[in-house]
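Colleague: To be precise about what I am sending: the file is called run-v9.cif and holds mmCIF, C-alpha atoms.
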data_input
#
loop_
_atom_site.label_atom_id
_atom_site.label_comp_id
_atom_site.auth_asym_id
_atom_site.auth_seq_id
_atom_site.Cartn_x
_atom_site.Cartn_y
_atom_site.Cartn_z
CA MET A 1 126.46 118.71 -124.60
CA ASP A 2 123.37 120.32 -123.05
CA ARG A 3 124.47 123.67 -124.39
CA LEU A 4 124.68 122.20 -127.89
CA TYR A 5 121.12 120.83 -127.59
CA LEU A 6 119.88 124.22 -126.42
CA ILE A 7 121.52 126.03 -129.32
CA LEU A 8 120.12 123.47 -131.75
CA THR A 9 116.54 123.78 -130.45
CA LEU A 10 116.80 127.54 -130.67
CA PHE A 11 118.14 127.27 -134.21
CA LEU A 12 115.26 124.97 -135.20
CA LEU A 13 112.74 127.37 -133.69
CA LEU A 14 114.30 130.21 -135.72
CA ASN A 15 113.92 127.98 -138.77
CA LEU A 16 110.25 127.64 -137.94
CA ALA A 17 109.92 131.42 -137.71
CA ALA A 18 111.62 131.75 -141.09
CA GLY A 19 109.22 129.18 -142.54
CA MET A 20 106.33 131.45 -141.54
CA TRP A 21 107.36 133.71 -144.38
CA ARG A 22 106.49 131.00 -146.91
CA VAL A 23 103.10 130.38 -145.26
CA LEU A 24 102.27 134.08 -145.40
CA ARG A 25 103.58 134.80 -148.89
CA GLY A 26 102.50 131.60 -150.63
CA PRO A 27 101.93 132.21 -153.47
CA SER A 28 100.20 128.86 -154.11
CA ALA A 29 98.28 126.69 -151.65
CA VAL A 30 100.85 123.93 -152.17
CA ASP A 31 103.64 126.23 -150.96
CA ARG A 32 101.71 126.99 -147.78
CA MET A 33 100.84 123.35 -147.19
CA LEU A 34 104.43 122.17 -147.67
CA ALA A 35 105.70 124.88 -145.32
CA SER A 36 103.30 123.64 -142.64
CA GLN A 37 104.51 120.08 -143.23
CA LEU A 38 108.05 121.34 -142.74
CA PHE A 39 106.87 122.85 -139.44
CA GLY A 40 105.75 119.40 -138.38
CA THR A 41 109.15 117.90 -139.15
CA THR A 42 110.93 120.74 -137.36
CA ALA A 43 108.68 120.30 -134.34
CA VAL A 44 109.55 116.58 -134.24
CA ALA A 45 113.25 117.47 -134.18
CA ILE A 46 112.68 120.09 -131.45
CA LEU A 47 110.75 117.58 -129.32
CA LEU A 48 113.42 114.89 -129.71
CA LEU A 49 116.10 117.38 -128.65
CA LEU A 50 114.00 118.50 -125.67
CA ALA A 51 113.45 114.86 -124.70
CA GLN A 52 117.22 114.38 -124.66
CA LEU A 53 117.85 117.67 -122.89
CA TYR A 54 115.39 117.11 -120.03
CA GLU A 55 115.51 113.29 -120.07
CA ARG A 56 111.74 113.00 -120.44
CA GLU A 57 110.92 109.87 -122.46
CA ALA A 58 107.27 110.95 -122.80
CA LEU A 59 108.34 113.69 -125.20
CA ARG A 60 109.38 111.03 -127.70
CA ASP A 61 105.77 109.82 -127.69
CA VAL A 62 104.63 113.36 -128.48
CA ALA A 63 107.16 113.47 -131.34
CA LEU A 64 105.89 110.11 -132.63
CA LEU A 65 102.33 111.43 -132.67
CA PHE A 66 103.48 114.60 -134.47
CA ALA A 67 105.14 112.55 -137.18
CA LEU A 68 102.14 110.25 -137.66
CA LEU A 69 99.43 112.89 -137.65
CA ALA A 70 101.18 115.28 -140.05
CA ALA A 71 100.14 112.78 -142.72
CA VAL A 72 96.43 113.25 -141.91
CA THR A 73 96.53 116.98 -142.75
CA ALA A 74 98.55 116.34 -145.90
CA VAL A 75 96.15 113.65 -147.13
CA ALA A 76 93.14 115.86 -146.33
CA PHE A 77 94.69 118.65 -148.38
CA VAL A 78 95.48 116.45 -151.38
CA ARG A 79 92.10 114.68 -151.37
CA ARG A 80 89.76 117.55 -150.61
CA LEU A 81 91.34 120.86 -151.62
CA TRP A 82 94.06 120.49 -154.19
CA GLN A 83 91.83 120.09 -157.25
CA SER A 84 89.05 122.46 -156.27
CA HIS A 85 91.26 125.33 -155.12
CA GLU A 86 94.11 124.86 -157.56
CA HIS A 87 93.96 128.40 -158.87
CA LYS A 88 95.17 129.85 -155.59
CA MET B 1 115.11 131.51 -121.35
CA LEU B 2 115.51 132.70 -124.93
CA PHE B 3 113.76 129.64 -126.38
CA ASP B 4 110.60 130.23 -124.33
CA ALA B 5 110.54 133.94 -125.14
CA LEU B 6 110.82 133.26 -128.87
CA LEU B 7 108.18 130.52 -128.61
CA GLY B 8 105.76 132.86 -126.83
CA LEU B 9 106.32 135.66 -129.33
CA LEU B 10 105.83 133.28 -132.27
CA LEU B 11 102.60 131.98 -130.74
CA LEU B 12 101.20 135.48 -130.19
CA GLY B 13 102.22 136.54 -133.69
CA LEU B 14 100.61 133.43 -135.19
CA ALA B 15 97.40 134.01 -133.25
CA TRP B 16 97.18 137.57 -134.56
CA LEU B 17 97.92 136.55 -138.17
CA LEU B 18 95.41 133.71 -137.93
CA LEU B 19 92.61 135.97 -136.70
CA SER B 20 93.27 138.82 -139.10
CA CYS B 21 93.74 136.62 -142.16
CA ARG B 22 91.01 136.77 -144.85
CA ASP B 23 92.17 133.88 -147.04
CA LEU B 24 90.47 130.86 -145.50
CA PHE B 25 93.04 128.32 -146.68
CA LYS B 26 95.89 130.42 -145.31
CA ALA B 27 94.01 130.63 -142.02
CA ILE B 28 93.75 126.82 -141.86
CA VAL B 29 97.50 126.40 -142.44
CA LEU B 30 98.18 129.02 -139.77
CA PHE B 31 95.79 127.20 -137.41
CA VAL B 32 97.67 123.91 -137.91
CA ALA B 33 100.98 125.71 -137.29
CA PHE B 34 99.45 127.28 -134.17
CA GLY B 35 98.51 123.81 -132.93
CA LEU B 36 102.09 122.60 -133.44
CA LEU B 37 103.56 125.51 -131.49
CA MET B 38 100.89 125.18 -128.79
CA ALA B 39 101.91 121.54 -128.31
CA ILE B 40 105.55 122.61 -127.83
CA VAL B 41 104.34 125.21 -125.30
CA TRP B 42 102.50 122.47 -123.35
CA VAL B 43 105.70 120.43 -123.39
CA ARG B 44 107.61 123.40 -122.01
CA LEU B 45 104.94 123.81 -119.32
CA ASP B 46 105.68 120.19 -118.36
CA ALA B 47 102.24 118.92 -119.41
CA PRO B 48 103.01 116.19 -121.99
CA ASP B 49 99.50 114.71 -121.56
CA VAL B 50 97.95 117.93 -122.85
CA ALA B 51 100.61 118.14 -125.56
CA LEU B 52 99.62 114.68 -126.84
CA ALA B 53 95.95 115.69 -126.98
CA GLU B 54 96.81 119.00 -128.64
CA VAL B 55 98.85 117.28 -131.35
CA ALA B 56 96.22 114.63 -132.03
CA ILE B 57 93.15 116.87 -131.98
CA GLY B 58 94.40 120.41 -132.54
CA ALA B 59 96.93 119.86 -135.29
CA GLY B 60 95.80 116.53 -136.75
CA LEU B 61 92.04 116.04 -136.75
CA THR B 62 90.87 119.68 -136.72
CA GLY B 63 93.13 120.55 -139.66
CA ALA B 64 91.62 117.75 -141.74
CA LEU B 65 88.09 118.71 -140.60
CA LEU B 66 88.59 122.39 -141.54
CA MET B 67 89.99 121.47 -144.96
CA SER B 68 87.02 119.21 -145.67
CA ALA B 69 84.69 122.02 -144.63
CA LEU B 70 86.50 124.50 -146.89
CA ALA B 71 86.23 122.09 -149.81
CA LYS B 72 82.44 122.12 -149.40
CA LEU B 73 82.23 125.93 -149.50
CA PRO B 74 81.61 127.58 -152.87
CA VAL B 75 84.96 128.33 -154.52
CA ASP B 76 84.13 131.88 -155.66
CA ASN B 77 83.77 133.20 -152.15
CA PRO B 78 85.12 136.72 -152.63
CA PRO B 79 87.76 137.31 -149.99
CA GLY B 80 87.81 140.60 -148.20
CA ARG B 81 84.34 141.78 -149.11
CA TYR B 82 83.89 143.28 -145.68
CA SER B 83 86.74 145.71 -146.20
CA ASN B 84 84.62 148.20 -148.17
CA GLU B 85 82.03 148.67 -145.48
CA LYS B 86 82.33 151.99 -143.72
CA THR B 87 82.12 151.71 -139.97
CA HIS B 88 81.49 154.59 -137.64
CA TRP B 89 84.66 155.71 -135.86
CA LEU B 90 82.98 155.16 -132.48
CA LEU B 91 82.71 151.40 -132.99
CA PRO B 92 86.45 150.59 -133.05
CA LEU B 93 87.01 153.02 -130.19
CA THR B 94 84.33 151.39 -128.02
CA LEU B 95 85.66 147.93 -128.86
CA ALA B 96 89.21 148.99 -128.01
CA LEU B 97 88.03 150.42 -124.69
CA MET B 98 86.11 147.26 -123.80
CA LEU B 99 89.06 145.04 -124.76
CA LEU B 100 91.36 147.22 -122.68
CA LEU B 101 88.98 146.80 -119.74
CA VAL B 102 88.93 143.00 -120.10
CA ALA B 103 92.70 142.88 -120.56
CA SER B 104 93.35 144.98 -117.46
CA GLY B 105 90.92 142.83 -115.47
CA LEU B 106 92.74 139.68 -116.58
CA GLY B 107 96.07 141.31 -115.88
CA TYR B 108 94.93 142.24 -112.37
CA ALA B 109 93.67 138.70 -111.73
CA LEU B 110 97.00 137.29 -112.90
CA TRP B 111 98.90 139.80 -110.78
CA SER B 112 96.97 138.94 -107.63
CA LEU B 113 97.54 135.19 -107.95
CA PRO B 114 99.65 133.69 -105.18
CA VAL B 115 103.21 133.13 -106.34
CA ILE B 116 103.30 129.53 -105.18
CA ALA B 117 99.98 127.67 -105.53
CA PRO B 118 100.42 123.94 -104.97
CA GLY B 119 96.79 123.19 -105.90
CA LEU B 120 95.74 119.61 -105.31
CA SER B 121 98.85 117.94 -106.72
CA GLY B 122 100.11 117.14 -103.22
CA GLU B 123 96.93 115.27 -102.33
CA VAL B 124 96.97 113.39 -105.63
CA ALA B 125 100.57 112.32 -105.03
CA ALA B 126 99.70 111.22 -101.50
CA ASN B 127 96.81 109.01 -102.67
CA LEU B 128 98.39 107.81 -105.91
CA GLU B 129 99.01 104.32 -104.52
CA GLN B 130 95.29 103.74 -104.05
CA SER B 131 94.43 104.66 -107.65
CA GLY B 132 95.82 101.54 -109.34
CA VAL B 133 97.97 103.54 -111.79
CA SER B 134 101.16 105.55 -111.41
CA ASN B 135 100.45 108.37 -113.88
CA PRO B 136 98.82 111.12 -111.77
CA VAL B 137 96.83 112.48 -114.74
CA THR B 138 95.24 109.09 -115.43
CA ALA B 139 94.61 108.61 -111.71
CA VAL B 140 92.67 111.89 -111.56
CA LEU B 141 90.76 111.37 -114.82
CA LEU B 142 89.70 107.76 -114.34
CA ASN B 143 89.59 107.32 -110.60
CA PHE B 144 89.55 110.40 -108.39
CA ARG B 145 87.32 112.41 -110.73
CA GLY B 146 85.80 109.58 -112.76
CA TYR B 147 82.42 111.28 -113.14
CA ASP B 148 84.06 114.20 -115.01
CA THR B 149 85.36 111.79 -117.62
CA LEU B 150 81.99 110.01 -117.79
CA LEU B 151 80.27 113.31 -118.56
CA GLU B 152 82.95 114.27 -121.10
CA ILE B 153 82.39 111.06 -123.03
CA VAL B 154 78.63 111.66 -122.99
CA VAL B 155 79.24 115.19 -124.34
CA LEU B 156 81.05 113.70 -127.35
CA LEU B 157 78.13 111.38 -127.98
CA LEU B 158 75.69 114.30 -127.72
CA ALA B 159 77.74 116.26 -130.27
CA LEU B 160 77.44 113.38 -132.72
CA LEU B 161 73.69 113.07 -132.06
CA GLY B 162 73.37 116.77 -132.85
CA VAL B 163 75.27 116.43 -136.13
CA TRP B 164 73.24 113.39 -137.14
CA SER B 165 69.91 115.04 -136.35
CA LEU B 166 70.81 118.08 -138.44
CA ASN B 167 71.67 115.86 -141.37
CA SER B 168 68.89 113.31 -141.26
CA LEU B 169 66.60 115.16 -143.66
CA ASP B 170 69.36 115.94 -146.11
CA ALA B 171 68.84 113.53 -148.99
CA THR B 172 71.95 114.50 -150.93
CA PRO B 173 74.16 111.47 -151.51
CA ALA B 174 77.62 111.35 -150.01
CA THR B 175 80.13 113.15 -152.21
CA ALA B 176 81.68 110.68 -154.59
CA GLU B 177 85.33 110.25 -153.66
CA LYS B 178 87.97 109.92 -156.30
CA PRO B 179 89.41 106.41 -156.34
CA ALA B 180 92.62 106.18 -154.33
CA ASN B 181 95.79 106.12 -156.39
CA LEU B 182 98.76 103.84 -155.78
CA VAL B 183 100.66 106.24 -153.49
CA LEU B 184 97.67 106.90 -151.25
CA ASP B 185 96.72 103.23 -151.23
CA THR B 186 100.22 102.22 -150.11
CA LEU B 187 100.28 104.97 -147.51
CA MET B 188 97.00 103.68 -146.07
CA ARG B 189 98.29 100.13 -145.90
CA LEU B 190 101.35 101.29 -143.97
CA LEU B 191 99.90 104.05 -141.85
CA VAL B 192 96.53 102.74 -140.67
CA PRO B 193 97.89 99.62 -138.89
CA LEU B 194 100.66 101.76 -137.41
CA LEU B 195 98.13 104.28 -136.07
CA ILE B 196 96.06 101.50 -134.50
CA LEU B 197 99.22 100.09 -132.91
CA VAL B 198 100.21 103.51 -131.56
CA ALA B 199 96.67 103.98 -130.17
CA ALA B 200 96.99 100.70 -128.27
CA TYR B 201 100.45 101.73 -127.06
CA LEU B 202 99.19 105.10 -125.78
CA LEU B 203 96.33 103.36 -123.97
CA TRP B 204 98.70 100.94 -122.28
CA ALA B 205 101.30 103.62 -121.53
CA GLY B 206 98.62 105.82 -119.92
CA ALA B 207 98.85 103.78 -116.71
CA ASN B 208 102.31 105.05 -115.83
CA SER B 209 103.30 107.76 -118.32
CA PRO B 210 101.51 110.39 -120.43
CA GLY B 211 98.81 108.90 -122.64
CA GLY B 212 95.38 107.45 -122.02
CA ALA B 213 91.94 106.94 -123.50
CA PHE B 214 91.41 110.38 -125.05
CA GLN B 215 94.77 110.54 -126.77
CA ALA B 216 94.52 106.93 -127.93
CA GLY B 217 90.95 107.53 -129.13
CA ALA B 218 92.06 110.56 -131.14
CA VAL B 219 94.81 108.49 -132.81
CA LEU B 220 92.26 105.78 -133.60
CA ALA B 221 90.01 108.49 -135.07
CA ALA B 222 92.94 109.68 -137.20
CA ALA B 223 93.16 106.18 -138.69
CA GLY B 224 89.41 106.36 -139.42
CA VAL B 225 89.71 109.83 -140.95
CA LEU B 226 92.53 108.64 -143.23
CA LEU B 227 90.37 105.72 -144.40
CA LEU B 228 87.41 108.04 -145.00
CA LEU B 229 89.63 110.44 -146.96
CA ALA B 230 90.84 107.57 -149.12
CA GLY B 231 87.24 106.82 -150.07
CA TRP B 232 86.54 103.93 -147.69
CA ARG B 233 83.01 103.76 -146.27
CA LEU B 234 81.60 101.67 -143.48
CA PRO B 235 79.91 98.57 -144.97
CA THR B 236 76.16 99.13 -144.86
CA ALA B 237 75.69 95.97 -142.81
CA LEU B 238 77.76 97.53 -140.01
CA ALA B 239 76.24 101.00 -140.15
CA GLY B 240 73.14 100.11 -138.15
CA LEU B 241 73.30 98.42 -134.77
CA PRO B 242 77.05 97.55 -134.73
CA LEU B 243 78.04 101.21 -135.25
CA ARG B 244 75.66 102.37 -132.53
CA LEU B 245 77.00 99.73 -130.15
CA ALA B 246 80.53 100.96 -130.82
CA LEU B 247 79.45 104.55 -130.17
CA VAL B 248 77.86 103.80 -126.80
CA ALA B 249 80.37 101.17 -125.58
CA GLY B 250 82.37 103.74 -123.57
CA PRO B 251 79.44 105.51 -121.89
CA VAL B 252 77.71 102.17 -121.19
CA ALA B 253 80.85 100.70 -119.59
CA PHE B 254 81.20 103.82 -117.46
CA ILE B 255 77.54 103.87 -116.42
CA THR B 256 77.58 100.14 -115.61
CA LEU B 257 80.57 100.65 -113.36
CA ALA B 258 78.90 103.68 -111.79
CA ALA B 259 75.79 101.58 -111.08
CA LEU B 260 77.86 98.74 -109.61
CA THR B 261 79.81 101.08 -107.35
CA LEU B 262 76.53 102.70 -106.35
CA LEU B 263 75.48 99.34 -104.86
CA ASN B 264 78.12 100.06 -102.22
CA ALA B 265 76.77 103.60 -102.03
CA ARG B 266 80.11 104.90 -103.35
CA LEU B 267 79.64 106.39 -106.83
CA LEU B 268 82.61 105.55 -109.12
CA GLU B 269 84.85 104.82 -106.17
CA LEU B 270 86.99 101.98 -107.50
CA PRO B 271 87.99 99.17 -105.09
CA VAL B 272 91.71 99.57 -104.48
CA GLU B 273 92.71 95.98 -105.29
CA HIS B 274 91.03 95.95 -108.74
CA ALA B 275 91.47 99.63 -109.62
CA GLY B 276 94.29 99.16 -112.15
CA MET B 277 92.40 96.48 -114.06
CA LEU B 278 89.11 98.40 -114.00
CA ILE B 279 90.80 101.56 -115.26
CA LEU B 280 92.37 99.69 -118.17
CA LEU B 281 89.01 98.10 -119.02
CA LEU B 282 87.18 101.44 -118.84
CA GLU B 283 89.84 103.13 -120.92
CA THR B 284 89.70 100.45 -123.60
CA PHE B 285 85.95 100.90 -124.06
CA ALA B 286 86.29 104.67 -123.86
CA MET B 287 89.10 104.72 -126.45
CA PHE B 288 87.03 102.65 -128.85
CA SER B 289 83.97 104.88 -128.49
CA ILE B 290 85.96 108.12 -128.67
CA GLY B 291 87.75 106.96 -131.83
CA VAL B 292 84.54 105.91 -133.58
CA THR B 293 82.68 109.06 -132.45
CA LEU B 294 85.39 111.44 -133.67
CA ALA B 295 85.65 109.66 -137.03
CA ALA B 296 81.84 109.77 -137.38
CA LEU B 297 81.91 113.49 -136.56
CA PHE B 298 84.48 113.96 -139.33
CA LEU B 299 82.18 112.21 -141.82
CA GLY B 300 79.49 114.65 -140.73
CA GLN B 301 76.48 112.65 -141.83
CA ARG B 302 74.84 109.36 -140.99
CA PRO B 303 76.50 106.49 -142.82
CA GLN B 304 74.24 104.74 -145.30
CA GLU B 305 72.45 101.79 -143.78
CA ARG B 306 71.22 98.65 -145.41
CA GLY B 307 67.72 99.18 -146.76
CA GLY B 308 68.39 102.93 -147.10
CA SER B 309 66.29 103.89 -144.11
CA ALA B 310 68.86 106.45 -142.96
#
Please re-express this file's structure in structure tokens.
Modeller:
Amino acid sequence: MDRLYLILTLFLLLNLAAGMWRVLRGPSAVDRMLASQLFGTTAVAILLLLAQLYEREALRDVALLFALLAAVTAVAFVRRLWQSHEHK
Amino acid sequence: MLFDALLGLLLLGLAWLLLSCRDLFKAIVLFVAFGLLMAIVWVRLDAPDVALAEVAIGAGLTGALLMSALAKLPVDNPPGRYSNEKTHWLLPLTLALMLLLVASGLGYALWSLPVIAPGLSGEVAANLEQSGVSNPVTAVLLNFRGYDTLLEIVVLLLALLGVWSLNSLDATPATAEKPANLVLDTLMRLLVPLLILVAAYLLWAGANSPGGAFQAGAVLAAAGVLLLLAGWRLPTALAGLPLRLALVAGPVAFITLAALTLLNARLLELPVEHAGMLILLLETFAMFSIGVTLAALFLGQRPQERGGSA
């Protein structure tokens, strides 16, 4: 079972690396923003797997915080940047 | 381990891309991604306390702060206008040499470190029972090295004082926010109470597992930042004395305790039998002040007071 968790975390991290391509290429600001939101979700999954793998309950708290605070960045983007920098 | 190697490589690559990137928005997204990866690195280094702070401040609040700052910059900021400047070939060479010197110095320092350095963790573990809490990080921050935390909280307050003094002469009215739409409004109603609840949970959990006043305060600030983004403003009746009381509650609680312990000629040395209770009390005040201070820093200017004497 532990081996499965390890392979899964590695796979998720590779996913994250692949998502970097979208952040770098864009082309629009929305693409970049959504890719970074996907990073947040992937990181939550990685943390939950690590919590299971190493039996550290505290990591679930970190994952909870990740999930909650991803919304702050998204709302800041929509409220402050989307209209003014739409041409990008 | 393969996971750690990939994580380290990704982090280094991200740092390079982030620094060399000319598009400011792209740089912000890369910075947020860097914060996420950094938090996972802290987890892998077995420092979940730092990971919590990194997530809350590095990836959450700073991202929102940078985006608000970018929105205030003029839109037609030509990217890459430095690329046409001709620099003398000696400049990059000198810089490279100096960097190489610093890097080799750091490398040597790292190389000469003892392989096994227990630090002070043994002493902390030995005295943990006297601290009133069972999380060693909280024990160090609030009890063994309480004056460090006191000074850190005062630093936050000083930062806000600096921002407010810079802005006091600026008569421009606060940027008019668009009214919140239904989706954002519903999100606020769900998320803000949840964030406050999680802040309280982190504060309580700090006594025996990762968490504590700074992390809880940052989560509280995130709730404030969300409200500010949605167009909410502090009622003018509260912007005067009540706001200032909230800002100084943490430092005042700390200083009061310091004065009381000084009566016994033992600065911030908590009595063993009440230590747990005192730490929780201190942390509650500190969390409140940290949350309000960070949210006020995000706003970046003095809130409008009644009578307009701001």
Colleague: Which residues of chain B come within 6 Å of chain A, and what is each one's closest atom pair and distance in Å (one decimal), counting only C-alpha atoms, sorted by chain and residue number, as a Markdown table?
Modeller:
| residue | atom | partner | partner_atom | distance |
| --- | --- | --- | --- | --- |
| B:Phe3 | CA | A:Leu10 | CA | 5.7 |
| B:Leu52 | CA | A:Val62 | CA | 5.4 |
| B:Gly60 | CA | A:Leu69 | CA | 5.2 |
| B:Gly63 | CA | A:Thr73 | CA | 5.8 |
| B:Ala64 | CA | A:Thr73 | CA | 5.1 |
| B:Ser68 | CA | A:Arg80 | CA | 5.9 |
| B:Ala71 | CA | A:Leu81 | CA | 5.6 |
Colleague: For this structure, which residues satisfy the selection - the PyMOL selection byres ((chain B and resi 58) around 10) - when it is evaluated on the file as given? I want them as a VMD selection string.
Modeller: chain B and resid 31 to 36 38 to 39 51 to 57 59 to 64
Colleague: Include C-alpha atoms and write out the residues we just selected as a PDB file, keeping the file's coordinate frame.
Modeller:
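Contents of result_29.pdb, freshly written:
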ATOM      1  CA  PHE B  31      95.790 127.200-137.410  1.00  0.00           C
ATOM      2  CA  VAL B  32      97.670 123.910-137.910  1.00  0.00           C
ATOM      3  CA  ALA B  33     100.980 125.710-137.290  1.00  0.00           C
ATOM      4  CA  PHE B  34      99.450 127.280-134.170  1.00  0.00           C
ATOM      5  CA  GLY B  35      98.510 123.810-132.930  1.00  0.00           C
ATOM      6  CA  LEU B  36     102.090 122.600-133.440  1.00  0.00           C
ATOM      7  CA  MET B  38     100.890 125.180-128.790  1.00  0.00           C
ATOM      8  CA  ALA B  39     101.910 121.540-128.310  1.00  0.00           C
ATOM      9  CA  ALA B  51     100.610 118.140-125.560  1.00  0.00           C
ATOM     10  CA  LEU B  52      99.620 114.680-126.840  1.00  0.00           C
ATOM     11  CA  ALA B  53      95.950 115.690-126.980  1.00  0.00           C
ATOM     12  CA  GLU B  54      96.810 119.000-128.640  1.00  0.00           C
ATOM     13  CA  VAL B  55      98.850 117.280-131.350  1.00  0.00           C
ATOM     14  CA  ALA B  56      96.220 114.630-132.030  1.00  0.00           C
ATOM     15  CA  ILE B  57      93.150 116.870-131.980  1.00  0.00           C
ATOM     16  CA  ALA B  59      96.930 119.860-135.290  1.00  0.00           C
ATOM     17  CA  GLY B  60      95.800 116.530-136.750  1.00  0.00           C
ATOM     18  CA  LEU B  61      92.040 116.040-136.750  1.00  0.00           C
ATOM     19  CA  THR B  62      90.870 119.680-136.720  1.00  0.00           C
ATOM     20  CA  GLY B  63      93.130 120.550-139.660  1.00  0.00           C
ATOM     21  CA  ALA B  64      91.620 117.750-141.740  1.00  0.00           C
TER      22      ALA B  64
END
Colleague: Mind checking which residues fall within 6 Å of Ala213 (chain B), counting only C-alpha atoms, ignoring those fewer than 3 positions away in the same chain, and posting them as number ranges by chain?
Modeller: B: 203, 216-217, 283, 287
Colleague: Produce a file of the selected residues containing C-alpha atoms, as a PDB file, in the frame of the given file.
Modeller:
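Written file, out.pdb:
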ATOM      1  CA  LEU B 203      96.330 103.360-123.970  1.00  0.00           C
ATOM      2  CA  ALA B 216      94.520 106.930-127.930  1.00  0.00           C
ATOM      3  CA  GLY B 217      90.950 107.530-129.130  1.00  0.00           C
ATOM      4  CA  GLU B 283      89.840 103.130-120.920  1.00  0.00           C
ATOM      5  CA  MET B 287      89.100 104.720-126.450  1.00  0.00           C
TER       6      MET B 287
END
Colleague: Using all atoms listed in the file, can you tell me which of B:Leu166, B:Leu282, B:Leu30, B:Leu191 comes closest to Trp16 (chain B)?
Modeller: B:Leu30
Colleague: Can you spell out as a PyMOL selection string the set of residues that the PyMOL selection byres ((chain B and resi 220) around 10) selects in the structure I just provided?
Modeller: chain B and resi 56+192-193+195-200+214-219+221-225+287-292+294-295
Colleague: Could you turn the residues from that selection into a file that holds C-alpha atoms, as a compact mmCIF listing (two decimals), in the coordinates of the input?
Modeller:
# COMPACT_ATOMS: atom_id res chain seq x y z
CA ALA B 56 96.22 114.63 -132.03
CA VAL B 192 96.53 102.74 -140.67
CA PRO B 193 97.89 99.62 -138.89
CA LEU B 195 98.13 104.28 -136.07
CA ILE B 196 96.06 101.50 -134.50
CA LEU B 197 99.22 100.09 -132.91
CA VAL B 198 100.21 103.51 -131.56
CA ALA B 199 96.67 103.98 -130.17
CA ALA B 200 96.99 100.70 -128.27
CA PHE B 214 91.41 110.38 -125.05
CA GLN B 215 94.77 110.54 -126.77
CA ALA B 216 94.52 106.93 -127.93
CA GLY B 217 90.95 107.53 -129.13
CA ALA B 218 92.06 110.56 -131.14
CA VAL B 219 94.81 108.49 -132.81
CA ALA B 221 90.01 108.49 -135.07
CA ALA B 222 92.94 109.68 -137.20
CA ALA B 223 93.16 106.18 -138.69
CA GLY B 224 89.41 106.36 -139.42
CA VAL B 225 89.71 109.83 -140.95
CA MET B 287 89.10 104.72 -126.45
CA PHE B 288 87.03 102.65 -128.85
CA SER B 289 83.97 104.88 -128.49
CA ILE B 290 85.96 108.12 -128.67
CA GLY B 291 87.75 106.96 -131.83
CA VAL B 292 84.54 105.91 -133.58
CA LEU B 294 85.39 111.44 -133.67
CA ALA B 295 85.65 109.66 -137.03
Colleague: Name every residue that the PyMOL selection byres ((chain B and resi 244) around 12) selects in this structure, writing the answer as a PDB file with C-alpha atoms, in the frame of the given file with chains first and numbers rising.
Modeller:
ATOM      1  CA  LEU B 157      78.130 111.380-127.980  1.00  0.00           C
ATOM      2  CA  LEU B 160      77.440 113.380-132.720  1.00  0.00           C
ATOM      3  CA  LEU B 161      73.690 113.070-132.060  1.00  0.00           C
ATOM      4  CA  LEU B 238      77.760  97.530-140.010  1.00  0.00           C
ATOM      5  CA  ALA B 239      76.240 101.000-140.150  1.00  0.00           C
ATOM      6  CA  GLY B 240      73.140 100.110-138.150  1.00  0.00           C
ATOM      7  CA  LEU B 241      73.300  98.420-134.770  1.00  0.00           C
ATOM      8  CA  PRO B 242      77.050  97.550-134.730  1.00  0.00           C
ATOM      9  CA  LEU B 243      78.040 101.210-135.250  1.00  0.00           C
ATOM     10  CA  LEU B 245      77.000  99.730-130.150  1.00  0.00           C
ATOM     11  CA  ALA B 246      80.530 100.960-130.820  1.00  0.00           C
ATOM     12  CA  LEU B 247      79.450 104.550-130.170  1.00  0.00           C
ATOM     13  CA  VAL B 248      77.860 103.800-126.800  1.00  0.00           C
ATOM     14  CA  ALA B 249      80.370 101.170-125.580  1.00  0.00           C
ATOM     15  CA  GLY B 250      82.370 103.740-123.570  1.00  0.00           C
ATOM     16  CA  PRO B 251      79.440 105.510-121.890  1.00  0.00           C
ATOM     17  CA  VAL B 252      77.710 102.170-121.190  1.00  0.00           C
ATOM     18  CA  PHE B 288      87.030 102.650-128.850  1.00  0.00           C
ATOM     19  CA  SER B 289      83.970 104.880-128.490  1.00  0.00           C
ATOM     20  CA  VAL B 292      84.540 105.910-133.580  1.00  0.00           C
ATOM     21  CA  THR B 293      82.680 109.060-132.450  1.00  0.00           C
ATOM     22  CA  ALA B 296      81.840 109.770-137.380  1.00  0.00           C
ATOM     23  CA  ARG B 302      74.840 109.360-140.990  1.00  0.00           C
ATOM     24  CA  PRO B 303      76.500 106.490-142.820  1.00  0.00           C
ATOM     25  CA  GLU B 305      72.450 101.790-143.780  1.00  0.00           C
TER      26      GLU B 305
END
Colleague: Could you tell me how far CA of Val140 (chain B) sits from CA of Leu194 (chain B), in Å to one decimal place?
Modeller: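 Atom-to-atom, CA of Leu194 (chain B) and CA of Val140 (chain B) are spaced 28.9 Å apart.
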Colleague: Do you have the CA of Met67 (chain B)-CA of Phe298 (chain B) distance handy?
Modeller: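 CA of Phe298 (chain B) lies 10.9 Å from CA of Met67 (chain B).
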Colleague: A:Pro27, A:Leu48, A:Tyr54, A:Thr41: which is nearest Lys26 (chain B), counting all atoms listed in the file?
Modeller: A:Pro27
Colleague: Work out how far apart CA of Leu91 (chain B) and CA of Ser20 (chain B) are and give it in Å to one decimal.
Modeller: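 Separating CA of Leu91 (chain B) from CA of Ser20 (chain B) is a distance of 17.5 Å.
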Colleague: Box in all listed atoms of region 10-23 of chain A, axis-aligned, with 8 Å more on each side; write out centre and edge lengths in Å to one decimal as AutoDock Vina command-line options.
Modeller:
--center_x 110.6 --center_y 129.3 --center_z -138.8 --size_x 31.0 --size_y 24.7 --size_z 32.2
